[in-house]
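Shown next: model.txt, given as compact mmCIF, C-alpha atoms.
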```
# COMPACT_ATOMS: atom_id res chain seq x y z
CA MET A 1 -5.79 12.59 -4.67
CA ARG A 2 -3.34 14.21 -2.29
CA GLN A 3 0.09 15.17 -3.60
CA TRP A 4 3.32 16.50 -2.20
CA LYS A 5 3.86 20.26 -2.36
CA VAL A 6 6.93 19.93 -4.56
CA GLU A 7 8.06 23.55 -4.32
CA LEU A 8 7.87 23.51 -0.53
CA VAL A 9 9.66 20.17 -0.11
CA THR A 10 12.44 21.07 -2.56
CA SER A 11 12.94 24.44 -0.86
CA LEU A 12 13.41 22.81 2.55
CA PHE A 13 15.56 19.78 1.69
CA THR A 14 18.43 18.79 -0.55
CA ARG A 15 17.45 17.35 -3.94
CA GLU A 16 18.26 13.81 -2.79
CA GLU A 17 16.28 14.18 0.45
CA ALA A 18 13.33 15.77 -1.34
CA GLU A 19 13.20 12.92 -3.87
CA ALA A 20 13.22 10.37 -1.04
CA ILE A 21 10.53 12.22 0.90
CA MET A 22 8.26 12.49 -2.13
CA GLN A 23 8.45 8.71 -2.63
CA ILE A 24 6.57 8.25 0.66
CA PRO A 25 2.97 7.36 -0.17
CA PHE A 26 0.00 9.20 1.25
CA THR A 27 -2.62 7.18 3.07
CA ARG A 28 -5.98 6.89 1.34
CA HIS A 29 -7.71 7.68 4.66
CA PRO A 30 -6.26 11.02 5.80
CA ARG A 31 -6.28 12.21 9.39
CA GLU A 32 -5.40 15.50 10.95
CA ASN A 33 -1.69 16.28 10.54
CA CYS A 34 0.54 15.00 13.31
CA ARG A 35 4.09 13.78 13.78
CA VAL A 36 4.59 10.04 13.75
CA TRP A 37 7.25 7.55 12.79
CA SER A 38 5.46 4.97 10.74
CA GLY A 39 8.35 3.28 8.96
CA GLU A 40 7.28 -0.27 9.71
CA ALA A 41 3.64 0.36 8.78
CA THR A 42 4.65 1.93 5.47
CA GLY A 43 6.86 -1.10 4.86
CA GLU A 44 3.89 -3.44 5.11
CA TYR A 45 1.78 -1.02 3.04
CA ASN A 46 4.41 -0.99 0.29
CA ALA A 47 4.69 -4.79 0.41
CA VAL A 48 0.93 -5.15 -0.12
CA GLN A 49 0.98 -2.57 -2.92
CA THR A 50 3.91 -4.30 -4.62
CA GLY A 51 2.19 -7.68 -4.44
CA LEU A 52 -0.87 -6.21 -6.12
CA GLU A 53 1.20 -4.44 -8.78
CA LEU A 54 2.96 -7.72 -9.56
CA LYS A 55 -0.47 -9.38 -9.77
CA TYR A 56 0.27 -11.97 -7.09
CA ARG A 57 -2.84 -13.74 -5.86
CA GLN A 58 -1.36 -15.18 -2.66
CA VAL A 59 1.22 -13.45 -0.48
CA ILE A 60 2.89 -13.85 2.88
CA ILE A 61 4.14 -10.53 4.19
CA GLU A 62 6.76 -10.77 6.88
CA GLY A 63 7.65 -7.95 9.23
CA ASP A 64 9.66 -7.50 12.38
CA ALA A 65 7.37 -4.94 14.06
CA LEU A 66 5.03 -7.02 16.20
CA ILE A 67 2.71 -4.10 16.90
CA VAL A 68 2.07 -3.53 13.19
CA ILE A 69 1.55 -7.25 12.50
CA ARG A 70 -0.93 -7.50 15.38
CA LYS A 71 -2.83 -4.44 14.18
CA VAL A 72 -3.24 -5.72 10.60
CA GLN A 73 -4.25 -9.16 11.88
CA SER A 74 -6.80 -7.75 14.32
CA LYS A 75 -10.49 -7.61 13.49
CA GLU A 76 -10.83 -4.60 15.83
CA GLU A 77 -10.80 -1.03 14.55
CA ASP A 78 -7.38 0.50 15.05
CA ARG A 79 -7.38 3.89 16.77
CA SER A 80 -3.65 4.45 16.96
CA ILE A 81 -1.77 7.23 15.24
CA ILE A 82 -0.85 4.82 12.42
CA SER A 83 -4.47 3.78 11.85
CA PRO A 84 -4.66 5.32 8.35
CA TYR A 85 -1.90 2.95 7.24
CA ILE A 86 -3.47 -0.01 9.04
CA VAL A 87 -6.86 0.68 7.43
CA ASP A 88 -5.24 0.91 3.98
CA ILE A 89 -3.22 -2.28 4.51
CA LYS A 90 -6.32 -4.20 5.59
CA SER A 91 -8.37 -2.84 2.70
CA LEU A 92 -5.74 -3.58 0.04
CA SER A 93 -4.96 -7.03 1.45
CA LYS A 94 -8.55 -8.10 0.73
CA MET A 95 -7.75 -7.89 -2.98
CA PHE A 96 -5.61 -11.04 -2.75
CA ASN A 97 -7.03 -14.55 -2.77
CA ARG A 98 -4.88 -15.08 0.32
CA CYS A 99 -2.82 -12.59 2.28
CA CYS A 100 -1.04 -13.53 5.49
CA PHE A 101 1.00 -11.28 7.77
CA LYS A 102 3.72 -12.97 9.82
CA LYS A 103 6.02 -11.68 12.53
CA ILE A 104 9.66 -12.53 12.05
CA TYR A 105 12.56 -11.66 14.31
CA ARG A 106 14.65 -8.65 13.38
CA ASN A 107 17.80 -10.76 13.04
CA ALA A 108 15.92 -12.95 10.52
CA ASN A 109 15.02 -9.87 8.51
CA GLY A 110 18.57 -9.10 7.36
CA VAL A 111 17.92 -9.98 3.74
CA SER A 112 15.01 -7.58 3.36
CA HIS A 113 17.02 -4.79 4.99
CA ALA A 114 19.91 -5.55 2.59
CA VAL A 115 17.54 -5.36 -0.38
CA VAL A 116 16.22 -2.00 0.82
CA ARG A 117 19.77 -0.69 1.31
CA GLU A 118 20.72 -1.90 -2.18
CA GLY A 119 17.69 -0.16 -3.68
CA LEU A 120 18.51 3.07 -1.85
CA ASN A 121 22.14 2.88 -2.99
CA ARG A 122 20.99 2.41 -6.59
CA LYS A 123 18.25 5.03 -6.14
CA GLU A 124 15.67 2.57 -7.48
CA SER A 125 12.99 0.19 -6.32
CA THR A 126 14.15 -3.39 -5.95
CA TYR A 127 11.78 -6.30 -6.51
CA LEU A 128 12.74 -9.91 -5.88
CA ASP A 129 10.65 -11.28 -8.73
CA GLY A 130 12.97 -13.63 -10.61
CA GLY A 131 16.11 -13.03 -8.58
CA VAL A 132 18.00 -10.84 -6.16
CA PRO A 133 20.88 -8.40 -6.48
CA LYS A 134 24.22 -10.23 -6.35
CA SER A 135 25.19 -8.27 -3.25
CA VAL A 136 22.26 -9.89 -1.41
CA ALA A 137 22.66 -13.47 -2.74
CA THR A 138 25.36 -14.46 -0.23
CA MET A 139 23.30 -13.15 2.66
CA MET A 140 20.30 -15.15 1.43
CA ALA A 141 22.35 -18.36 1.28
CA GLU A 142 23.31 -17.88 4.93
CA ASP A 143 19.80 -16.97 6.03
```
Can the structure in the file be given as structure tokens, please?
Amino acid sequence: MRQWKVELVTSLFTREEAEAIMQIPFTRHPRENCRVWSGEATGEYNAVQTGLELKYRQVIIEGDALIVIRKVQSKEEDRSIISPYIVDIKSLSKMFNRCCFKKIYRNANGVSHAVVREGLNRKESTYLDGGVPKSVATMMAED
């Protein structure tokens, strides 16, 4: 299993940045190193992983990046730079009884962005199982 080179990362970044960087998961299907922004794909990957960790059998994963949603819904092999993430998402999603990926508009995704911000502020993962942080509850009521 691939791991972060802790000494290298901590020597190049502040402690806080290094901790955040080392929380980024590696794909299970590595490719040659390259630069890519894959924030939306890692979001869907983390959503699938979280659903499995929480032992959900049916999930609907919503995202506001149409390109990522189309790629994970497609039966075709993805050959884009984010294909390792897409392959992993597709593979992991088969472990559910039912897994559906839906495109939502960015302005309808405010609650999830608020939850992420809250988790980053607290320096912890935030799961919505059984409730939401109070700071997000008002936003949810309006959504």
Problem - Atomic separation - CA of Ser91 (chain A) relative to CA of Ile69 (chain A), Å - result: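 Result for CA of Ile69 (chain A) versus CA of Ser91 (chain A): 14.6 Å, one decimal.
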Handout entry: Interatomic distance, CA of Phe101 (chain A) to CA of Gln73 (chain A) (Å, one decimal)
Key =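 Going from CA of Phe101 (chain A) over to CA of Gln73 (chain A) covers 7.0 Å.
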Exercise for the section: Identify, on the basis of all atoms listed in the file, every residue whose closest approach to Ser93 (chain A) does not exceed 10 Å; exclude the query and any residue fewer than 2 positions from it along the same chain; express the result as a list of chain:residue names. Expected result: A:Tyr45, A:Ala47, A:Val48, A:Gln49, A:Gly51, A:Leu52, A:Gln58, A:Val59, A:Val72, A:Val87, A:Asp88, A:Ile89, A:Lys90, A:Ser91, A:Met95, A:Phe96, A:Asn97, A:Arg98, A:Cys99, A:Cys100, A:Phe101
Handout entry: Separation of CA of Ile67 (chain A) from CA of Ala20 (chain A) in Å
Key =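 It comes out at 25.3 Å.
Across A:Ile104, A:Glu19, A:Ser11, A:Lys5, the tightest approach to Val68 (chain A) is made by A:Ile104 when counting only C-alpha atoms.
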Fill in the blank from the handout: Using all atoms listed in the file, the best pick from A:Asp64, A:Lys103, A:Tyr85, A:Arg79 as closest to Phe26 (chain A) would be A:Tyr85
